[in-house]
Amino acid sequence: MSVVIWWTRRDLRLQDNEALQAALETGGFLVPLFILDPYLLRGEALARQAFLFGGLRELDTELRKRGSQLIIRSGPPEMVLNRLVEETGAELIFAVHDTGPYANRRDERVARILPLKLVGGITVHPPQAIRQPDGKPYTVFTPFSKAWKALPIPPPRVDLPERFPPLPALTTESLPEVNDTNGLFIPGELSARQRLEDFLGNDVWMYHEVRDRLDLEGTSKLSPYLRFGMLSPRLAATRVLELSCQVTNPVGQRGCETWLNELIWRDFYHSVLFHFPFVVDTAFQPMMRAMPWRHSEAELAAWQFGQTGYPVVDACMRQLIATGWMHNRGRMIVASFLSKDLLIHWREGERWFMRHLIDGDLASNLGGWQWTAGVGTDAAPFFRIFNPVLQGKKFDPEGVFIRRWLPELETVPSDYIHSPWLMPQDIQRKCGVRIGVDYPMPMIDHALARERALRWFRSRAEK
DNA sequence: TGGAACTTACC
DNA sequence: GTAAGTTCC
């Protein structure tokens, strides 16, 4: 009987998994493999690593229930695979096609020496499948999404054999111990599908209305699962499309459409990364590559640790450090503050996000940061500058979210919660919060910062 | 997926 | 005086 390897990377699930399906269809011995790649684990993204390792444990459990097991090996992938092929005599290696430049170089190296078969993709539609009529990839979201919607989505494969083919006797390594910092996300395919069903059963109905609210639980919180493929994006898209066909009320309909759009944004940024891998190193817009971004360790640190003096910015940044997650609206607000108010290079923010986010995904993170900084695809005009006070008032009207993450502002009246520096002395005394002592003064005047950013970007755009 | 400044409609 | 719409950055 032949042996095949299912090399799982960003597809940590059994259901609707094209690589696993293809491997199973060969009918041979199946070796489910995950490689601890020292290059990918070199960073400090401990929350994300903890989530990954949790997901691997769950995948192993699920495989064992079916008479198989996840084999863990560490080392450079081509060496690990080469050795495993020698050990097992495997004839084929199946893996899901990735979009990042490192992943693609790695897979090319492997394919040169071993029979690697890449199938499917980590998006709903693979980036190769969506192109303009002239064959060029899209660089603007709206036409991309039109082309995306015109493509039929192959039905998800949720049929799984109860027993998997037997596994040859192999050694496996144990996973490194990483402190799991929080229980916000329970790793694994089962939690992912549970969360999807919960979301589609409740919150998606109000998604369009509530998703921007920082103080409410209106978002799907599925991003960490999509990041590691614990949830099949194709399954998610199919389910929400089915649902939107059944929904009759316009609000629910709108919610489904808006959430589907978020899945399309994810596909879009993966497509951008796949077709323009240089966005890892530099701005998509050539004109924006030589910007004289400001350098300030102190200002960067104030932003990183939530000490800017703008409550909505600080609350978001502290939520990120404490939980490894940040609301999407918050990501835009803090990204605008770093790149527009402080004029600090978007890359600093992009790195900080990658270091802390459980859902940290290269494609989406680069896309989001370059969009906010106004240097990416999708002509994001440089004058789009978020006002942290207005954004706070609009999306956290009573300051509930702010008080949750900034306990030092707990007693500040709602009238001043978004701009506490305006609190008169007698009110500061009354609520026991001294601005400039218990909570910082704003590190910069937003109105002045806005004017500075407009001048700065305008002069660049004219050149 | 912004918002400031300005105009207009209406009370 | 203010909500709603428009223009410009």
# chains A, B, ... in the order shown; residues from 1 in each chain; ligands from 1
$ residues_around --residues "DT7 in chain C" --least-positions-apart "5" --cutoff "10 Å" --atoms "only C-alpha atoms (C1' of nucleotides)" --output "PyMOL selection string"
chain B and resi 5-7
$ closest_atom_pairs --of "chain A" --to "chain C" --cutoff "10 Å" --atoms "only C-alpha atoms (C1' of nucleotides)" --output "CSV"
residue,atom,partner,partner_atom,distance
A:Pro381,CA,C:DC9,C1',9.7
A:Phe382,CA,C:DC9,C1',9.1
A:Phe383,CA,C:DC9,C1',6.1
A:Arg384,CA,C:DC9,C1',8.9
A:Glu451,CA,C:DC9,C1',9.7
A:Leu454,CA,C:DC9,C1',7.5
A:Arg455,CA,C:DC9,C1',9.8
A:Arg458,CA,C:DC9,C1',9.1
$ closest_residue --among "A:Leu320, A:Ile385, A:Leu196, A:Val247" --to "chain B" --atoms "only C-alpha atoms (C1' of nucleotides)"
A:Ile385
$ interface_residues --of "chain A" --to "chain B" --cutoff "12 Å" --atoms "only C-alpha atoms (C1' of nucleotides)" --output "PyMOL selection string"
chain A and resi 141+211-212+258+261-262+265+328-333+336+368+371-372+378+380-391+447+450-451
$ write_last_selection --atoms "N, CA and C atoms" --output "mmCIF file, in the first residue's frame"
data_model
loop_
_atom_site.group_PDB
_atom_site.id
_atom_site.type_symbol
_atom_site.label_atom_id
_atom_site.label_comp_id
_atom_site.auth_asym_id
_atom_site.auth_seq_id
_atom_site.Cartn_x
_atom_site.Cartn_y
_atom_site.Cartn_z
ATOM 1 N N PHE A 141 -10.582 47.239 -4.778
ATOM 2 C CA PHE A 141 -11.465 46.257 -4.159
ATOM 3 C C PHE A 141 -12.774 46.061 -4.902
ATOM 4 N N ARG A 211 -21.597 46.234 13.913
ATOM 5 C CA ARG A 211 -20.218 45.765 13.786
ATOM 6 C C ARG A 211 -19.177 46.823 14.122
ATOM 7 N N ASP A 212 -19.527 48.102 13.969
ATOM 8 C CA ASP A 212 -18.553 49.151 14.238
ATOM 9 C C ASP A 212 -18.522 49.581 15.692
ATOM 10 N N THR A 258 -22.806 42.428 4.230
ATOM 11 C CA THR A 258 -21.663 43.149 4.783
ATOM 12 C C THR A 258 -20.611 42.187 5.294
ATOM 13 N N ASN A 261 -18.793 40.608 2.488
ATOM 14 C CA ASN A 261 -17.814 41.566 1.997
ATOM 15 C C ASN A 261 -16.502 41.496 2.775
ATOM 16 N N GLU A 262 -16.601 41.267 4.065
ATOM 17 C CA GLU A 262 -15.382 41.145 4.874
ATOM 18 C C GLU A 262 -14.573 39.927 4.431
ATOM 19 N N TRP A 265 -12.873 41.002 1.329
ATOM 20 C CA TRP A 265 -11.685 41.820 1.640
ATOM 21 C C TRP A 265 -10.493 40.921 1.966
ATOM 22 N N ASN A 328 -12.072 45.653 14.748
ATOM 23 C CA ASN A 328 -11.636 46.176 13.454
ATOM 24 C C ASN A 328 -11.719 47.699 13.384
ATOM 25 N N ARG A 329 -12.777 48.267 13.946
ATOM 26 C CA ARG A 329 -12.899 49.727 13.978
ATOM 27 C C ARG A 329 -11.714 50.322 14.747
ATOM 28 N N GLY A 330 -11.368 49.648 15.860
ATOM 29 C CA GLY A 330 -10.234 50.091 16.659
ATOM 30 C C GLY A 330 -8.934 50.035 15.878
ATOM 31 N N ARG A 331 -8.771 48.989 15.073
ATOM 32 C CA ARG A 331 -7.541 48.866 14.276
ATOM 33 C C ARG A 331 -7.386 50.056 13.347
ATOM 34 N N MET A 332 -8.505 50.490 12.756
ATOM 35 C CA MET A 332 -8.428 51.642 11.850
ATOM 36 C C MET A 332 -8.127 52.922 12.630
ATOM 37 N N ILE A 333 -8.753 53.056 13.806
ATOM 38 C CA ILE A 333 -8.549 54.277 14.600
ATOM 39 C C ILE A 333 -7.090 54.389 15.039
ATOM 40 N N SER A 336 -4.680 54.935 12.062
ATOM 41 C CA SER A 336 -4.728 56.315 11.586
ATOM 42 C C SER A 336 -3.947 57.217 12.533
ATOM 43 N N GLY A 368 -4.450 46.209 5.538
ATOM 44 C CA GLY A 368 -5.116 47.162 6.417
ATOM 45 C C GLY A 368 -4.232 48.353 6.751
ATOM 46 N N TRP A 371 -3.653 50.540 3.694
ATOM 47 C CA TRP A 371 -4.892 51.264 3.384
ATOM 48 C C TRP A 371 -5.018 52.483 4.294
ATOM 49 N N THR A 372 -4.841 52.257 5.598
ATOM 50 C CA THR A 372 -5.028 53.361 6.542
ATOM 51 C C THR A 372 -3.973 54.442 6.346
ATOM 52 N N ASP A 378 -6.257 50.495 -3.794
ATOM 53 C CA ASP A 378 -7.561 51.072 -3.497
ATOM 54 C C ASP A 378 -7.471 52.536 -3.118
ATOM 55 N N ALA A 380 -6.607 55.089 -1.312
ATOM 56 C CA ALA A 380 -7.075 55.554 -0.014
ATOM 57 C C ALA A 380 -6.553 56.965 0.156
ATOM 58 N N PRO A 381 -7.392 57.964 -0.036
ATOM 59 C CA PRO A 381 -6.913 59.347 -0.066
ATOM 60 C C PRO A 381 -6.196 59.704 1.228
ATOM 61 N N PHE A 382 -5.114 60.440 1.104
ATOM 62 C CA PHE A 382 -4.302 60.760 2.283
ATOM 63 C C PHE A 382 -5.057 61.625 3.278
ATOM 64 N N PHE A 383 -6.130 62.315 2.772
ATOM 65 C CA PHE A 383 -6.848 63.200 3.682
ATOM 66 C C PHE A 383 -7.863 62.459 4.539
ATOM 67 N N ARG A 384 -7.916 61.158 4.380
ATOM 68 C CA ARG A 384 -8.829 60.399 5.247
ATOM 69 C C ARG A 384 -8.152 60.192 6.596
ATOM 70 N N ILE A 385 -8.443 61.076 7.520
ATOM 71 C CA ILE A 385 -7.791 61.063 8.827
ATOM 72 C C ILE A 385 -8.853 60.903 9.904
ATOM 73 N N PHE A 386 -8.693 59.907 10.740
ATOM 74 C CA PHE A 386 -9.698 59.648 11.774
ATOM 75 C C PHE A 386 -9.531 60.622 12.936
ATOM 76 N N ASN A 387 -10.641 61.152 13.384
ATOM 77 C CA ASN A 387 -10.637 62.005 14.567
ATOM 78 C C ASN A 387 -10.943 61.130 15.780
ATOM 79 N N PRO A 388 -9.953 60.928 16.664
ATOM 80 C CA PRO A 388 -10.143 59.943 17.747
ATOM 81 C C PRO A 388 -11.294 60.309 18.697
ATOM 82 N N VAL A 389 -11.593 61.596 18.833
ATOM 83 C CA VAL A 389 -12.698 61.980 19.715
ATOM 84 C C VAL A 389 -14.038 61.638 19.060
ATOM 85 N N LEU A 390 -14.187 62.000 17.796
ATOM 86 C CA LEU A 390 -15.443 61.722 17.105
ATOM 87 C C LEU A 390 -15.677 60.229 16.944
ATOM 88 N N GLN A 391 -14.612 59.502 16.608
ATOM 89 C CA GLN A 391 -14.744 58.058 16.459
ATOM 90 C C GLN A 391 -15.181 57.426 17.779
ATOM 91 N N ALA A 447 -6.117 68.415 16.053
ATOM 92 C CA ALA A 447 -6.398 69.379 14.984
ATOM 93 C C ALA A 447 -5.091 69.828 14.311
ATOM 94 N N ARG A 450 -3.609 66.926 12.374
ATOM 95 C CA ARG A 450 -4.338 66.731 11.119
ATOM 96 C C ARG A 450 -3.813 67.695 10.047
ATOM 97 N N GLU A 451 -3.674 68.971 10.428
ATOM 98 C CA GLU A 451 -3.153 69.960 9.474
ATOM 99 C C GLU A 451 -1.746 69.587 9.011
#
$ atom_distance --atom1 "CA of Asp361 in chain A" --atom2 "CA of Ser223 in chain A"
9.0 Å
$ select_by_dssp --residues "range 201-339 of chain A" --states "alpha helix (DSSP H)" --output "number ranges by chain"
A: 201, 207-210, 223-227, 233-246, 250-275, 297-304, 311-323, 328-336
$ residues_around --residues "Ala298 in chain A" --least-positions-apart "6" --cutoff "12 Å" --atoms "only C-alpha atoms (C1' of nucleotides)" --output "number ranges by chain"
A: 304-305, 307-308, 342, 344, 443
$ write_last_selection --atoms "N, CA and C atoms" --output "PDB file, in the first residue's frame"
ATOM      1  N   GLN A 304       2.185  52.270  21.493  1.00  0.00           N
ATOM      2  CA  GLN A 304       2.163  50.822  21.711  1.00  0.00           C
ATOM      3  C   GLN A 304       1.500  50.433  23.028  1.00  0.00           C
ATOM      4  N   PHE A 305       1.789  51.214  24.067  1.00  0.00           N
ATOM      5  CA  PHE A 305       1.322  50.813  25.395  1.00  0.00           C
ATOM      6  C   PHE A 305       0.084  51.575  25.852  1.00  0.00           C
ATOM      7  N   GLN A 307      -0.717  55.017  25.898  1.00  0.00           N
ATOM      8  CA  GLN A 307      -0.474  56.193  26.740  1.00  0.00           C
ATOM      9  C   GLN A 307      -0.487  57.457  25.900  1.00  0.00           C
ATOM     10  N   THR A 308      -1.367  57.499  24.889  1.00  0.00           N
ATOM     11  CA  THR A 308      -1.364  58.664  23.996  1.00  0.00           C
ATOM     12  C   THR A 308      -2.141  59.831  24.578  1.00  0.00           C
ATOM     13  N   LEU A 342       0.831  60.900  14.216  1.00  0.00           N
ATOM     14  CA  LEU A 342       2.233  60.883  14.645  1.00  0.00           C
ATOM     15  C   LEU A 342       3.195  60.843  13.456  1.00  0.00           C
ATOM     16  N   ILE A 344       4.388  58.350  12.068  1.00  0.00           N
ATOM     17  CA  ILE A 344       5.370  57.276  12.252  1.00  0.00           C
ATOM     18  C   ILE A 344       5.073  56.187  11.225  1.00  0.00           C
ATOM     19  N   MET A 443      -0.892  63.449  23.742  1.00  0.00           N
ATOM     20  CA  MET A 443       0.504  63.613  23.354  1.00  0.00           C
ATOM     21  C   MET A 443       0.656  64.566  22.181  1.00  0.00           C
TER      22      MET A 443
END
$ closest_residue --among "A:Leu235, A:Val375, A:Leu241, A:Ala95" --to "Ala19 in chain A" --atoms "only C-alpha atoms"
A:Ala95
$ atom_distance --atom1 "CA of Leu118 in chain A" --atom2 "CA of Glu197 in chain A"
29.4 Å
